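Beneath this line is the structure, given in structure tokens, with notes to follow.
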Amino acid sequence: MGYMELDKSRLEEILAKHKLTKADYEHIVQILGREPNLVELGIFSAMWSEHCSYKSSKIYLKGFPTEAPWVVQGPGENAGVIDIGDGMVAVFKMESHNHPSFIEPYQGAATGVGGILRDVFTMGARPVLNLNAIRFADIRGESPKAKLHRHLLSGVVAGIAGYGNCVGVPTIGGETAFEECYKGNILVNAFSLGICRKDEVFYARAEGVGNPVIYVGSKTGRDGLGGAVMSSDSFKEEDEDQRPTVQVGDPFTEKLLMEACLELFKTDYIVGIQDMGAAGLTSSSFEMAGKSGSGLKLYLDKVPMREEGMNPYELMLSESQERMLICAKKGYEDKVIEIFKKYELDAEVIGEVTDSGRVELFWYGEKVADIPVAPITEEAPELCRPVMEPSYLKEIKEVEIPKADPQETFEKLIREPEVVDKSWIYTQYDSMVQTNTADSGRVDGSVIRVKENGKFIGVSTDCNARFCYIDPKKGAVASVLEAGRNVAVKGIEPKAITDCLNFGNPERPEIMWQFKEACEGIKEACQEMTTPVVSGNVSLYNENEGEGVYPTPEIGMVGVGDKWRSSYLKKEGNLVYLLGETKPEFGGSLYLKVIGGKVAGVHPEIDYEKERKLWKILQSDLIESAKDVGVGGIAIALYKWGSVSNKGLSLQVEGLSQPIDIFSESLHRALVEVDPKNREEFEKLLEESGIKWQLVGRVGGDRLEVNGVGIDLQEGRKIYFETFPQLMSSEIL
């Protein structure tokens, strides 16, 4: 065991580089019964990193509701699984690739897509759709920061498009937001969903003594070395050149790997399979052994390498892309390898399953690491970090809402990058490949059809980070409700969520308080709305030079239905109803940000009963189309709805306390379109539901306006569709 011995004179420096404390080191010595060598220390460092062990967040994630009759697999596997009827399941998850995307936007975003695709197809499912949620600072103007963020946005979008388009998985929706808090740390969250038969789901297991362990996919290089550890740290000025920790993706190899895996899944040659994601060969081998209570012997000199002079430390911690680890049935090695060779992929037997409960690593016959499996996973640090309510919350509660001229306000808000059409982004994505896309999410959620059973799956990613900043718990609740509403307006019933919890430095008590509160909000909302959490990801240390991002618990909602409806207005003369109640609620609103210049105030009220009633009504076949009322209130909802539909809307909303309430962001609201012949039946349904409602107008005319505030339809459409491309055509770095 003399290989790569630690230099004890540099122990503090080595531990700091591996993000381990002296207490962690003493714990490792206790587990091993001796001093670790560098290979073993690297393995513990990766497995105990924030990214792999969830050491700061685990105590709060435990309370999430994870069960329902339709949940097949909750958290703990590569992705969550829900039943979608007729023996079919949907497999989905969301992950972050924030730090890599800030350092190297194209490859960071591309490999984020690659990683989430592998999480899905390693479960046996063919990926059928991707979404993404991306967040930047303001891209307007010629300041160095605006130019940088246009460059970052261009690179991220190109990376997402390049990878998804090459692999042949449609990107059909998502979310783009702009806040100054992301200026030093952008957010790039990738969501993928796949379909397979319920009896064909594969799990990450390595069991059966003597069964071979097979490495498949690309060769291992030094790219991504230390990526899991890097993402457990925050940015500083001197950290700018971290490109070696960013992986490089090859979507063509990923496509071959996906097809080879899906072909393999049709056989009975294997016991389990695991993606080599964060911490590469380390996490995949330990997780597979850990889930089965078995051990592994791995012969690292047999790992396919693409660089000269690689050593065991680098092989275990490399995050080279497009790689999987397979536990095959003994005697079927050649058949497994044959499938991957057909696709011109590397495939090598690199080890076998044992009953030792240990992972033993060999390098040209010498044992270079010997680690018990259970302790490295079960005894990973579980921190109960100090929490403290941030002092800023007291300061921002009391805020005077400015009374601006509604018409001038409308003309400002409709030009906000957050509001205008983002087709500059999503036309770079192939949304129609596989020919299942029903609605590519131009407004609210997105929809695909499932060819195998004729069902429709609705998906949406949402988070109102301003709401989460002023009240992390209620903001997280509102994010769950909005994601659900964006699926419900498509006539589809929301069923379950995945999440990506993006926060600042957990070593700061204020950040951990925000995290704790947001988790409580998700827990409460998912229980109340019966939309369990089936998978997810935590991304901490999202800050630069001590300035953290707003709490951003991104929610990915998935729903299932027998039918769907688009959010395009259908016919002139149809009636328009406003469902729900509008109060003067401006805390965290776009109005207050743009007109008042601040993110402050009291969060809008939350009433689960109102939301449940709204979701139920939105399932009605009497509705021709529907639009969620969210950011910017009624005025912005009708502006978007009319612009994408190329139809006029002149609405009159009664009962508002003041003219600016057309921009209020009260929750639990939607606008719906109904054929006049169904008026009586629909109004009867509304009365029976107990929901507040009013008939506010009809489809038609050449204006987009509410209570006299608005714009000519064609002029409005010009602003809506042309603003973003003009912004992005400015000089890009």
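Please note that chains go A, B, ... in the order of the structure tokens, that every chain numbers its residues from 1, and that ligands are numbered from 1 in the order shown.
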Please provide the set of residues having any atom within 12 Å of Ile84 (chain A), restricted to only C-alpha atoms, with same-chain residues fewer than 3 positions apart removed, written as JSON, numbers by chain.
{"A": [69, 70, 71, 72, 81, 87, 88, 89, 90, 91, 194, 195, 196, 197, 198, 449, 450, 452, 453, 454, 455, 456, 457, 458, 493, 494, 495, 496, 558, 559, 560, 561, 562]}
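Residues of region 322-390 of chain A that DSSP places in strand (DSSP E), based on the backbone of this structure, are Arg323, Met324, Leu325, Ile326, Cys327, Ala328, Asp346, Ala347, Glu348, Val349, Ile350, Gly351, Glu352, Val353, Thr354, Arg358, Val359, Glu360, Leu361, Phe362, Trp363, Glu366, Lys367, Val368, Ala369, Asp370, Ile371 and Pro372 of chain A.
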Please identify all polymer residues within 8 Å of region 508-512 of chain A, counting only C-alpha atoms, omitting same-chain residues fewer than 5 positions from it, and present them as a ChimeraX atom specification.
/A:385-390,503
Using only C-alpha atoms, determine which residues lie at most 10 Å from Glu398 (chain A), disregarding the query and same-chain residues fewer than 5 positions distant; provide the list as JSON, numbers by chain.
{"A": [393, 587, 600, 601, 602]}
Distance CA of Phe340 (chain A)-CA of Ala204 (chain A), one decimal place?
18.9 Å
Between CA of Met258 (chain A) and CA of Glu344 (chain A) - distance in Å to one decimal:
12.6 Å
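The environment of Asn707 (chain A) within 8 Å, counting only C-alpha atoms and disregarding residues fewer than 6 places along the same chain, consists of Ser650, Leu651, Gln652 and Val653 of chain A.
When only C-alpha atoms are used to measure the gap to Ile401 (chain A), the shortest distance among A:Gly309, A:Gly597, A:Gly580, A:Gly484 belongs to A:Gly597.
Closest approach to Arg717 (chain A) among A:Arg415, A:Asn464, A:His668, A:Leu325 is made by A:Arg415 (distances from only C-alpha atoms).
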How close does region 369-457 of chain A get to region 55-67 of chain A? List, as CSV, each residue of region 369-457 of chain A within 6 Å, its nearest atom pair and the distance in Å to one decimal, counting only C-alpha atoms.
```
residue,atom,partner,partner_atom,distance
A:Pro381,CA,A:Lys55,CA,5.6
A:Glu382,CA,A:Lys55,CA,4.6
A:Leu383,CA,A:Ser56,CA,5.1
```
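Restricting the calculation to only C-alpha atoms, the smallest distance between Asn505 (chain A) and any of A:Asp86, A:Glu179, A:Glu50, A:Glu13 is found for A:Glu50.
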Mind checking which residues fall within 6 Å of Ile662 (chain A), counting only C-alpha atoms, ignoring those fewer than 2 positions away in the same chain, and posting them as a VMD selection string?
chain A and resid 633 to 635 660 664
Export, as a PDB file, in the first residue's frame, the selected residues with N, CA, C and O atoms.
```pdb
ATOM      1  N   GLY A 633     -48.497  40.303 -13.623  1.00  0.00           N
ATOM      2  CA  GLY A 633     -49.933  40.349 -13.393  1.00  0.00           C
ATOM      3  C   GLY A 633     -50.785  40.174 -14.638  1.00  0.00           C
ATOM      4  O   GLY A 633     -50.340  39.672 -15.676  1.00  0.00           O
ATOM      5  N   ILE A 634     -52.038  40.621 -14.523  1.00  0.00           N
ATOM      6  CA  ILE A 634     -53.019  40.454 -15.605  1.00  0.00           C
ATOM      7  C   ILE A 634     -52.548  41.137 -16.886  1.00  0.00           C
ATOM      8  O   ILE A 634     -52.671  40.601 -17.986  1.00  0.00           O
ATOM      9  N   ALA A 635     -51.966  42.335 -16.734  1.00  0.00           N
ATOM     10  CA  ALA A 635     -51.566  43.126 -17.908  1.00  0.00           C
ATOM     11  C   ALA A 635     -50.545  42.371 -18.760  1.00  0.00           C
ATOM     12  O   ALA A 635     -50.663  42.310 -19.992  1.00  0.00           O
ATOM     13  N   ILE A 660     -53.120  50.390 -10.592  1.00  0.00           N
ATOM     14  CA  ILE A 660     -51.897  49.600 -10.816  1.00  0.00           C
ATOM     15  C   ILE A 660     -52.074  48.121 -10.448  1.00  0.00           C
ATOM     16  O   ILE A 660     -51.175  47.307 -10.685  1.00  0.00           O
ATOM     17  N   SER A 664     -50.464  43.576 -10.283  1.00  0.00           N
ATOM     18  CA  SER A 664     -50.316  42.809  -9.041  1.00  0.00           C
ATOM     19  C   SER A 664     -49.983  41.352  -9.352  1.00  0.00           C
ATOM     20  O   SER A 664     -50.425  40.812 -10.369  1.00  0.00           O
TER      21      SER A 664
END
```
Within 9 Å of Glu418 (chain A) using only C-alpha atoms, minus same-chain residues under 2 positions, as a PDB file with all heavy atoms, in the first residue's frame:
```pdb
ATOM      1  N   THR A 176     -35.980  31.416 -18.629  1.00  0.00           N
ATOM      2  CA  THR A 176     -34.813  32.299 -18.650  1.00  0.00           C
ATOM      3  C   THR A 176     -35.129  33.515 -17.796  1.00  0.00           C
ATOM      4  O   THR A 176     -36.180  34.125 -17.958  1.00  0.00           O
ATOM      5  CB  THR A 176     -34.497  32.770 -20.088  1.00  0.00           C
ATOM      6  OG1 THR A 176     -34.447  31.629 -20.949  1.00  0.00           O
ATOM      7  CG2 THR A 176     -33.167  33.486 -20.146  1.00  0.00           C
ATOM      8  N   ALA A 177     -34.225  33.847 -16.870  1.00  0.00           N
ATOM      9  CA  ALA A 177     -34.477  34.992 -15.976  1.00  0.00           C
ATOM     10  C   ALA A 177     -33.212  35.818 -15.845  1.00  0.00           C
ATOM     11  O   ALA A 177     -32.098  35.342 -16.098  1.00  0.00           O
ATOM     12  CB  ALA A 177     -34.940  34.492 -14.608  1.00  0.00           C
ATOM     13  N   PHE A 178     -33.395  37.064 -15.432  1.00  0.00           N
ATOM     14  CA  PHE A 178     -32.288  38.009 -15.324  1.00  0.00           C
ATOM     15  C   PHE A 178     -32.386  38.759 -14.000  1.00  0.00           C
ATOM     16  O   PHE A 178     -33.359  39.458 -13.749  1.00  0.00           O
ATOM     17  CB  PHE A 178     -32.326  39.006 -16.492  1.00  0.00           C
ATOM     18  CG  PHE A 178     -32.311  38.338 -17.839  1.00  0.00           C
ATOM     19  CD1 PHE A 178     -33.495  38.007 -18.484  1.00  0.00           C
ATOM     20  CD2 PHE A 178     -31.107  38.005 -18.441  1.00  0.00           C
ATOM     21  CE1 PHE A 178     -33.488  37.372 -19.718  1.00  0.00           C
ATOM     22  CE2 PHE A 178     -31.099  37.363 -19.677  1.00  0.00           C
ATOM     23  CZ  PHE A 178     -32.283  37.049 -20.318  1.00  0.00           C
ATOM     24  N   LEU A 413     -42.767  47.626 -18.836  1.00  0.00           N
ATOM     25  CA  LEU A 413     -42.725  46.205 -18.482  1.00  0.00           C
ATOM     26  C   LEU A 413     -42.715  45.301 -19.715  1.00  0.00           C
ATOM     27  O   LEU A 413     -42.072  44.249 -19.710  1.00  0.00           O
ATOM     28  CB  LEU A 413     -43.901  45.822 -17.574  1.00  0.00           C
ATOM     29  CG  LEU A 413     -43.964  46.465 -16.184  1.00  0.00           C
ATOM     30  CD1 LEU A 413     -45.008  45.758 -15.318  1.00  0.00           C
ATOM     31  CD2 LEU A 413     -42.622  46.436 -15.482  1.00  0.00           C
ATOM     32  N   ILE A 414     -43.432  45.700 -20.773  1.00  0.00           N
ATOM     33  CA  ILE A 414     -43.499  44.805 -21.941  1.00  0.00           C
ATOM     34  C   ILE A 414     -42.161  44.728 -22.687  1.00  0.00           C
ATOM     35  O   ILE A 414     -41.990  43.866 -23.550  1.00  0.00           O
ATOM     36  CB  ILE A 414     -44.630  45.202 -22.929  1.00  0.00           C
ATOM     37  CG1 ILE A 414     -44.390  46.596 -23.508  1.00  0.00           C
ATOM     38  CG2 ILE A 414     -45.990  45.064 -22.268  1.00  0.00           C
ATOM     39  CD1 ILE A 414     -45.369  46.976 -24.616  1.00  0.00           C
ATOM     40  N   ARG A 415     -41.225  45.602 -22.330  1.00  0.00           N
ATOM     41  CA  ARG A 415     -39.901  45.566 -22.963  1.00  0.00           C
ATOM     42  C   ARG A 415     -38.853  44.844 -22.115  1.00  0.00           C
ATOM     43  O   ARG A 415     -37.699  44.711 -22.521  1.00  0.00           O
ATOM     44  CB  ARG A 415     -39.418  46.999 -23.250  1.00  0.00           C
ATOM     45  CG  ARG A 415     -40.186  47.668 -24.391  1.00  0.00           C
ATOM     46  CD  ARG A 415     -39.806  49.138 -24.526  1.00  0.00           C
ATOM     47  NE  ARG A 415     -40.291  49.697 -25.785  1.00  0.00           N
ATOM     48  CZ  ARG A 415     -41.536  50.127 -25.986  1.00  0.00           C
ATOM     49  NH1 ARG A 415     -42.424  50.059 -24.999  1.00  0.00           N
ATOM     50  NH2 ARG A 415     -41.897  50.623 -27.160  1.00  0.00           N
ATOM     51  N   GLU A 416     -39.250  44.395 -20.922  1.00  0.00           N
ATOM     52  CA  GLU A 416     -38.299  43.718 -20.036  1.00  0.00           C
ATOM     53  C   GLU A 416     -37.838  42.387 -20.648  1.00  0.00           C
ATOM     54  O   GLU A 416     -38.663  41.625 -21.159  1.00  0.00           O
ATOM     55  CB  GLU A 416     -38.946  43.440 -18.675  1.00  0.00           C
ATOM     56  CG  GLU A 416     -39.018  44.638 -17.760  1.00  0.00           C
ATOM     57  CD  GLU A 416     -37.630  45.080 -17.280  1.00  0.00           C
ATOM     58  OE1 GLU A 416     -36.902  44.253 -16.692  1.00  0.00           O
ATOM     59  OE2 GLU A 416     -37.283  46.244 -17.505  1.00  0.00           O
ATOM     60  N   VAL A 420     -40.346  39.513 -22.706  1.00  0.00           N
ATOM     61  CA  VAL A 420     -40.448  39.375 -24.166  1.00  0.00           C
ATOM     62  C   VAL A 420     -40.171  37.947 -24.633  1.00  0.00           C
ATOM     63  O   VAL A 420     -39.620  37.125 -23.908  1.00  0.00           O
ATOM     64  CB  VAL A 420     -39.498  40.358 -24.892  1.00  0.00           C
ATOM     65  CG1 VAL A 420     -39.917  41.788 -24.637  1.00  0.00           C
ATOM     66  CG2 VAL A 420     -38.044  40.125 -24.477  1.00  0.00           C
ATOM     67  N   ASP A 421     -40.547  37.685 -25.871  1.00  0.00           N
ATOM     68  CA  ASP A 421     -40.397  36.358 -26.474  1.00  0.00           C
ATOM     69  C   ASP A 421     -38.923  35.953 -26.541  1.00  0.00           C
ATOM     70  O   ASP A 421     -38.076  36.756 -26.923  1.00  0.00           O
ATOM     71  CB  ASP A 421     -40.987  36.393 -27.885  1.00  0.00           C
ATOM     72  CG  ASP A 421     -40.826  35.077 -28.602  1.00  0.00           C
ATOM     73  OD1 ASP A 421     -41.548  34.134 -28.251  1.00  0.00           O
ATOM     74  OD2 ASP A 421     -39.968  34.990 -29.498  1.00  0.00           O
ATOM     75  N   LYS A 422     -38.634  34.700 -26.175  1.00  0.00           N
ATOM     76  CA  LYS A 422     -37.245  34.206 -26.156  1.00  0.00           C
ATOM     77  C   LYS A 422     -36.977  33.258 -27.328  1.00  0.00           C
ATOM     78  O   LYS A 422     -36.138  32.366 -27.224  1.00  0.00           O
ATOM     79  CB  LYS A 422     -36.952  33.453 -24.850  1.00  0.00           C
ATOM     80  CG  LYS A 422     -37.330  34.157 -23.563  1.00  0.00           C
ATOM     81  CD  LYS A 422     -36.522  35.403 -23.292  1.00  0.00           C
ATOM     82  CE  LYS A 422     -36.792  35.948 -21.903  1.00  0.00           C
ATOM     83  NZ  LYS A 422     -38.210  36.125 -21.547  1.00  0.00           N
ATOM     84  N   VAL A 631     -45.901  36.598 -13.382  1.00  0.00           N
ATOM     85  CA  VAL A 631     -45.040  37.784 -13.362  1.00  0.00           C
ATOM     86  C   VAL A 631     -45.663  38.904 -14.198  1.00  0.00           C
ATOM     87  O   VAL A 631     -46.055  38.700 -15.339  1.00  0.00           O
ATOM     88  CB  VAL A 631     -43.637  37.425 -13.912  1.00  0.00           C
ATOM     89  CG1 VAL A 631     -42.814  38.677 -14.154  1.00  0.00           C
ATOM     90  CG2 VAL A 631     -42.918  36.493 -12.943  1.00  0.00           C
TER      91      VAL A 631
END
```
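Nearest to Thr122 (chain A) of all the residues A:Val167, A:Met276, A:Ala206, A:Cys384 is A:Met276, counting only C-alpha atoms.
Taking CA of Ala46 (chain A) and CA of Ala279 (chain A) as the two end points, the separation is 5.8 Å.
Between Glu609 (chain A) and the residues A:Leu481, A:Glu572, A:Pro659, A:Lys403, the shortest atom-to-atom distance, using only C-alpha atoms, involves A:Leu481.
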From a DSSP pass on the backbone, collect the residues of region 265-358 of chain A flagged as helix (DSSP H, G or I) and hand them back as number ranges by chain.
A: 280-292, 300-302, 312-317, 333-342
Nearest to Gly700 (chain A): which of A:Leu713, A:Ala110, A:Ile555, A:Leu614 is it, counting only C-alpha atoms?
A:Leu713
